[in-house]
There are 2 protein chains.
Amino acid sequence: MRFKSTTTSDGVCEQDFTLDGIPGVLWSPAGAAARGPWERRSLERRPLVLLGHGGGQDKKGPGVVARAHRLVTACGFAAAAIDMPGFGDRPKTGQDERFLAGIAELRAAGKPVADLILRHNVALAERAVPDWQATLDALLDAGVGGPVGYWGVSLGTMIGVPLAAAEPRIGAAVFGLAGGHDTLTEAAARVAIPVEFLLQWDDELVPRAYGLALFDAFASAEKTLHANPGRHQEIPEFELDSSQRFLARHLGG
Amino acid sequence: MRFKSTTTSDGVCEQDFTLDGIPGVLWSPAGAAARGPWERRSLERRPLVLLGHGGGQDKKGPGVVARAHRLVTACGFAAAAIDMPGFGDRPKTGQDERFLAGIAELRAAGKPVADLILRHNVALAERAVPDWQATLDALLDAGVGGPVGYWGVSLGTMIGVPLAAAEPRIGAAVFGLAGGHDTLTEAAARVAIPVEFLLQWDDELVPRAYGLALFDAFASAEKTLHANPGRHQEIPEFELDSSQRFLARHLGG
């Protein structure tokens with residue numbers, strides 16, 4: 001893991017890194033309380049939240065950065081994001097190009113795109129889970145992170161659920177805005193950590209029944225479904241406060 | 001409205017009252033911040049939460065008292081509860097007696113009781129809504145209450161939803177653990193205030209689909225469904241924190 005430029009603003013230290021071609025970013029509290037993510041003693045017991053970006057976004061999408069800043073300043077946590085395969089600064093494979101061409105074709109024909117996105121995202125998860133695990137290994141090796149959590153909806157859930165099923169170091173997760181694929185449901189049945197699940201009642205991409213069924217599938221003794229009116233992108237602000245409290249309750253701090 | 005005995009413990013002033021044969025109780029902050037509910041100036045702008053008790057309980061059921069204490073001590077609110085017709089210190093009518101006999105009969109025969117409870121509670125709401133409205137009139141006349149909220153699940157929702165539909169002074173409500181009757185659904189469609197709705201995913205009395213349909217029916221632009229694993233009586237503690245924050249957000253304080 002190679003750390004690159006560091007910038008600090010509003011009490012948040014933001015540090016870019018790369019790991020075997022995976023570009024990522026680490027946010028942590030700036031100042032005396034945490035002199036930098038490279039100083040083992042300052043971050044090794046600090047909760048770390050992995051932030052999974054949504055489709056069409058990347059590691060520094062506005063939502064990702066906003067959540068990272070809140071986790072750092074309100075909870076004193078560290079947070080990390082990486083570009084998913086084919087997003088942000090990562091090269092697109094032939095598979096990614098064919099997917100984008102397929103989407104453009106369906107849109108031009110006025111046909112629904114949800115099924116193609118769903119199938120592509122399931123395939124994407126197979127490539128992304130090992131990336132997240134390697135990143136987590138490297139961050140822990142670098143002395144970042146005590147308890148580990150995950151926050152990601154939509155594409156972030158399509159990837160986050162199989163990640164949480166495969167990765168015992170993740171202790172709590174915020175998911176949502178996804179469902180409707182057996183691979184995902186089967187992965188959810190192997191997830192037993194506390195989960196807060198966000199569902200948009202008028203989601204134009206994910207049918208309500210898909211989200212309810214995915215929530216139902218988690219094996220977690222503690223799982224909480226929060227559903228609100230509005231479309232896919234319209235998660236209310238108070239749910240972001242709630243998911244932050246949820247992570248603080250389960251990761252400590 | 002006749003105020004009776006007053007007791008004070010843990011910073012909470014508890015005062016029994018009766019109003020035309022309806023026994024009730026008012027909780028308010030004790031001490032310098034609020035010298036007593038009878039002093040107009042101390043309570044007139046303080047948010048007031050009406051607490052609807054569940055079936056088989058009454059105005060001083062353990063859950064009601066616990067919620068009242070939290071609203072008073074954590075939010076500085078006032079809270080009030082009354083016995084629903086046929087509960088607590090109120091006489092049972094022939095209708096109530098026939099209901100109880102019917103329940104006993106079904107139980108003895110090992111038959112399900114949910115439908116009978118549902119029908120009885122819908123009828124009960126017709127008697128209880130005017131009681132709540134008279135109580136609210138009298139409390140406001142006595143100088144208690146600024147913004148008004150409602151908290152009640154199960155029977156408390158069967159009565160609270162038609163109350164909120166009829167009573168424009170109620171500005172936010174916590175409901176849940178109910179559904180499955182057209183009268184209730186129709187009342188919900190006339191409720192447009194912010195609602196937090198609690199659903200127990202494994203509710204043995206209220207089928208999941210009934211609760212989801214009732215949540216769906218509210219006309220509110222802001223409504224939020226919180227669903228958790230567990231049976232009818234097993235609402236997790238963190239949801240009580242959440243509903244308190246919800247009421248604080250909408251009623252102020």
# chains A, B, ... in the order shown; residues from 1 in each chain; ligands from 1

call {"tool": "interface_residues", "arguments": {"of": "chain B", "to": "chain A", "cutoff": "6 Å", "atoms": "only C-alpha atoms", "output": "ChimeraX atom specification"}}
result
/B:224-228

call {"tool": "select_by_dssp", "arguments": {"residues": "segment 59-108 of chain B", "states": "strand (DSSP E)", "output": "list of chain:residue names"}}
result
B:Ala78, B:Ala79, B:Ala80, B:Ala81, B:Ile82

call {"tool": "closest_residue", "arguments": {"among": "B:Ala209, B:Ala108, B:Ala134, B:Ala172", "to": "Arg245 of chain B", "atoms": "only C-alpha atoms"}}
result
B:Ala172

call {"tool": "residues_around", "arguments": {"residues": "Arg46 of chain A", "least_positions_apart": "3", "cutoff": "7 Å", "atoms": "only C-alpha atoms", "output": "CSV table (one decimal) with C-alpha atoms, in the first residue's frame"}}
result
chain,number,residue,atom,x,y,z
A,43,LEU,CA,-5.3,4.8,14.7
A,77,PHE,CA,-13.7,7.1,13.2
A,78,ALA,CA,-11.5,6.5,10.2
A,145,GLY,CA,-8.6,0.3,12.2
A,146,GLY,CA,-9.9,-1.4,15.3

call {"tool": "residues_around", "arguments": {"residues": "Leu71 of chain A", "least_positions_apart": "3", "cutoff": "12 Å", "atoms": "only C-alpha atoms", "output": "PyMOL selection string"}}
result
chain A and resi 11-12+26-29+46-51+64-68+74-80+149-151+240-248+251+253

call {"tool": "atom_distance", "arguments": {"atom1": "atom CA of Ala109 of chain B", "atom2": "atom CA of Asp96 of chain B"}}
result
20.0 Å

call {"tool": "closest_residue", "arguments": {"among": "B:Leu124, B:Leu205, B:Leu116, B:Leu214", "to": "Gly86 of chain B", "atoms": "only C-alpha atoms"}}
result
B:Leu124

call {"tool": "atom_distance", "arguments": {"atom1": "atom CA of Ala123 of chain B", "atom2": "atom CA of Ala173 of chain B"}}
result
21.2 Å

call {"tool": "closest_residue", "arguments": {"among": "A:Gly179, A:Gly110, A:Pro147, A:Gly55", "to": "Ala217 of chain A", "atoms": "only C-alpha atoms"}}
result
A:Gly179

call {"tool": "decode", "arguments": {"residues": "segment 18-88 of chain B", "atoms": "C-alpha atoms", "output": "PDB file, in the first residue's frame"}}
result
ATOM      1  CA  THR B  18     -60.099  12.970  36.153  1.00  0.00           C
ATOM      2  CA  LEU B  19     -62.215  14.564  33.467  1.00  0.00           C
ATOM      3  CA  ASP B  20     -65.896  13.581  33.277  1.00  0.00           C
ATOM      4  CA  GLY B  21     -65.146  10.074  34.470  1.00  0.00           C
ATOM      5  CA  ILE B  22     -61.957   9.651  32.408  1.00  0.00           C
ATOM      6  CA  PRO B  23     -58.999   8.930  34.696  1.00  0.00           C
ATOM      7  CA  GLY B  24     -55.685  10.277  33.458  1.00  0.00           C
ATOM      8  CA  VAL B  25     -52.186  11.208  34.446  1.00  0.00           C
ATOM      9  CA  LEU B  26     -49.929  14.095  33.508  1.00  0.00           C
ATOM     10  CA  TRP B  27     -46.145  13.939  33.702  1.00  0.00           C
ATOM     11  CA  SER B  28     -44.001  17.073  33.576  1.00  0.00           C
ATOM     12  CA  PRO B  29     -40.530  18.214  34.566  1.00  0.00           C
ATOM     13  CA  ALA B  30     -40.178  18.863  38.280  1.00  0.00           C
ATOM     14  CA  GLY B  31     -38.024  21.493  39.891  1.00  0.00           C
ATOM     15  CA  ALA B  32     -37.128  25.031  39.020  1.00  0.00           C
ATOM     16  CA  ALA B  33     -37.573  24.591  35.303  1.00  0.00           C
ATOM     17  CA  ALA B  34     -41.241  23.753  35.770  1.00  0.00           C
ATOM     18  CA  ARG B  35     -42.805  24.469  39.131  1.00  0.00           C
ATOM     19  CA  GLY B  36     -45.864  22.378  38.401  1.00  0.00           C
ATOM     20  CA  PRO B  37     -48.370  21.660  35.683  1.00  0.00           C
ATOM     21  CA  TRP B  38     -50.893  24.025  37.274  1.00  0.00           C
ATOM     22  CA  GLU B  39     -48.644  27.034  36.668  1.00  0.00           C
ATOM     23  CA  ARG B  40     -49.642  28.293  33.287  1.00  0.00           C
ATOM     24  CA  ARG B  41     -46.357  29.973  32.430  1.00  0.00           C
ATOM     25  CA  SER B  42     -44.216  26.919  33.020  1.00  0.00           C
ATOM     26  CA  LEU B  43     -45.869  24.505  30.617  1.00  0.00           C
ATOM     27  CA  GLU B  44     -47.776  26.424  28.013  1.00  0.00           C
ATOM     28  CA  ARG B  45     -45.138  26.216  25.316  1.00  0.00           C
ATOM     29  CA  ARG B  46     -43.768  22.863  26.318  1.00  0.00           C
ATOM     30  CA  PRO B  47     -44.396  20.040  23.824  1.00  0.00           C
ATOM     31  CA  LEU B  48     -46.979  17.547  25.080  1.00  0.00           C
ATOM     32  CA  VAL B  49     -46.997  13.888  24.018  1.00  0.00           C
ATOM     33  CA  LEU B  50     -50.214  11.900  24.381  1.00  0.00           C
ATOM     34  CA  LEU B  51     -49.383   8.294  25.259  1.00  0.00           C
ATOM     35  CA  GLY B  52     -51.853   5.659  24.073  1.00  0.00           C
ATOM     36  CA  HIS B  53     -51.578   2.449  26.089  1.00  0.00           C
ATOM     37  CA  GLY B  54     -51.698  -1.030  24.552  1.00  0.00           C
ATOM     38  CA  GLY B  55     -54.380  -3.687  24.967  1.00  0.00           C
ATOM     39  CA  GLY B  56     -54.507  -5.230  28.439  1.00  0.00           C
ATOM     40  CA  GLN B  57     -52.608  -2.228  29.847  1.00  0.00           C
ATOM     41  CA  ASP B  58     -53.711   1.129  31.212  1.00  0.00           C
ATOM     42  CA  LYS B  59     -52.545   4.723  31.735  1.00  0.00           C
ATOM     43  CA  LYS B  60     -49.883   3.613  34.202  1.00  0.00           C
ATOM     44  CA  GLY B  61     -48.686   0.466  32.445  1.00  0.00           C
ATOM     45  CA  PRO B  62     -44.909   0.020  32.839  1.00  0.00           C
ATOM     46  CA  GLY B  63     -44.207   0.912  29.189  1.00  0.00           C
ATOM     47  CA  VAL B  64     -46.313   4.063  29.373  1.00  0.00           C
ATOM     48  CA  VAL B  65     -44.648   5.272  32.567  1.00  0.00           C
ATOM     49  CA  ALA B  66     -41.163   4.510  31.235  1.00  0.00           C
ATOM     50  CA  ARG B  67     -41.817   6.446  28.019  1.00  0.00           C
ATOM     51  CA  ALA B  68     -43.317   9.366  29.936  1.00  0.00           C
ATOM     52  CA  HIS B  69     -40.268   9.570  32.200  1.00  0.00           C
ATOM     53  CA  ARG B  70     -37.910   9.556  29.227  1.00  0.00           C
ATOM     54  CA  LEU B  71     -39.866  12.230  27.370  1.00  0.00           C
ATOM     55  CA  VAL B  72     -39.834  14.418  30.468  1.00  0.00           C
ATOM     56  CA  THR B  73     -36.222  13.922  31.499  1.00  0.00           C
ATOM     57  CA  ALA B  74     -34.520  13.613  28.084  1.00  0.00           C
ATOM     58  CA  CYS B  75     -36.643  16.102  26.101  1.00  0.00           C
ATOM     59  CA  GLY B  76     -38.170  18.315  28.774  1.00  0.00           C
ATOM     60  CA  PHE B  77     -41.620  17.496  27.374  1.00  0.00           C
ATOM     61  CA  ALA B  78     -44.907  16.957  29.188  1.00  0.00           C
ATOM     62  CA  ALA B  79     -46.739  13.668  28.632  1.00  0.00           C
ATOM     63  CA  ALA B  80     -50.270  12.512  29.359  1.00  0.00           C
ATOM     64  CA  ALA B  81     -52.123   9.204  29.345  1.00  0.00           C
ATOM     65  CA  ILE B  82     -55.746   8.254  29.966  1.00  0.00           C
ATOM     66  CA  ASP B  83     -57.400   4.897  30.529  1.00  0.00           C
ATOM     67  CA  MET B  84     -59.093   3.741  27.352  1.00  0.00           C
ATOM     68  CA  PRO B  85     -62.802   2.806  27.721  1.00  0.00           C
ATOM     69  CA  GLY B  86     -63.041  -0.486  29.626  1.00  0.00           C
ATOM     70  CA  PHE B  87     -59.384  -0.441  30.767  1.00  0.00           C
ATOM     71  CA  GLY B  88     -57.658   0.508  34.027  1.00  0.00           C
TER      72      GLY B  88
END
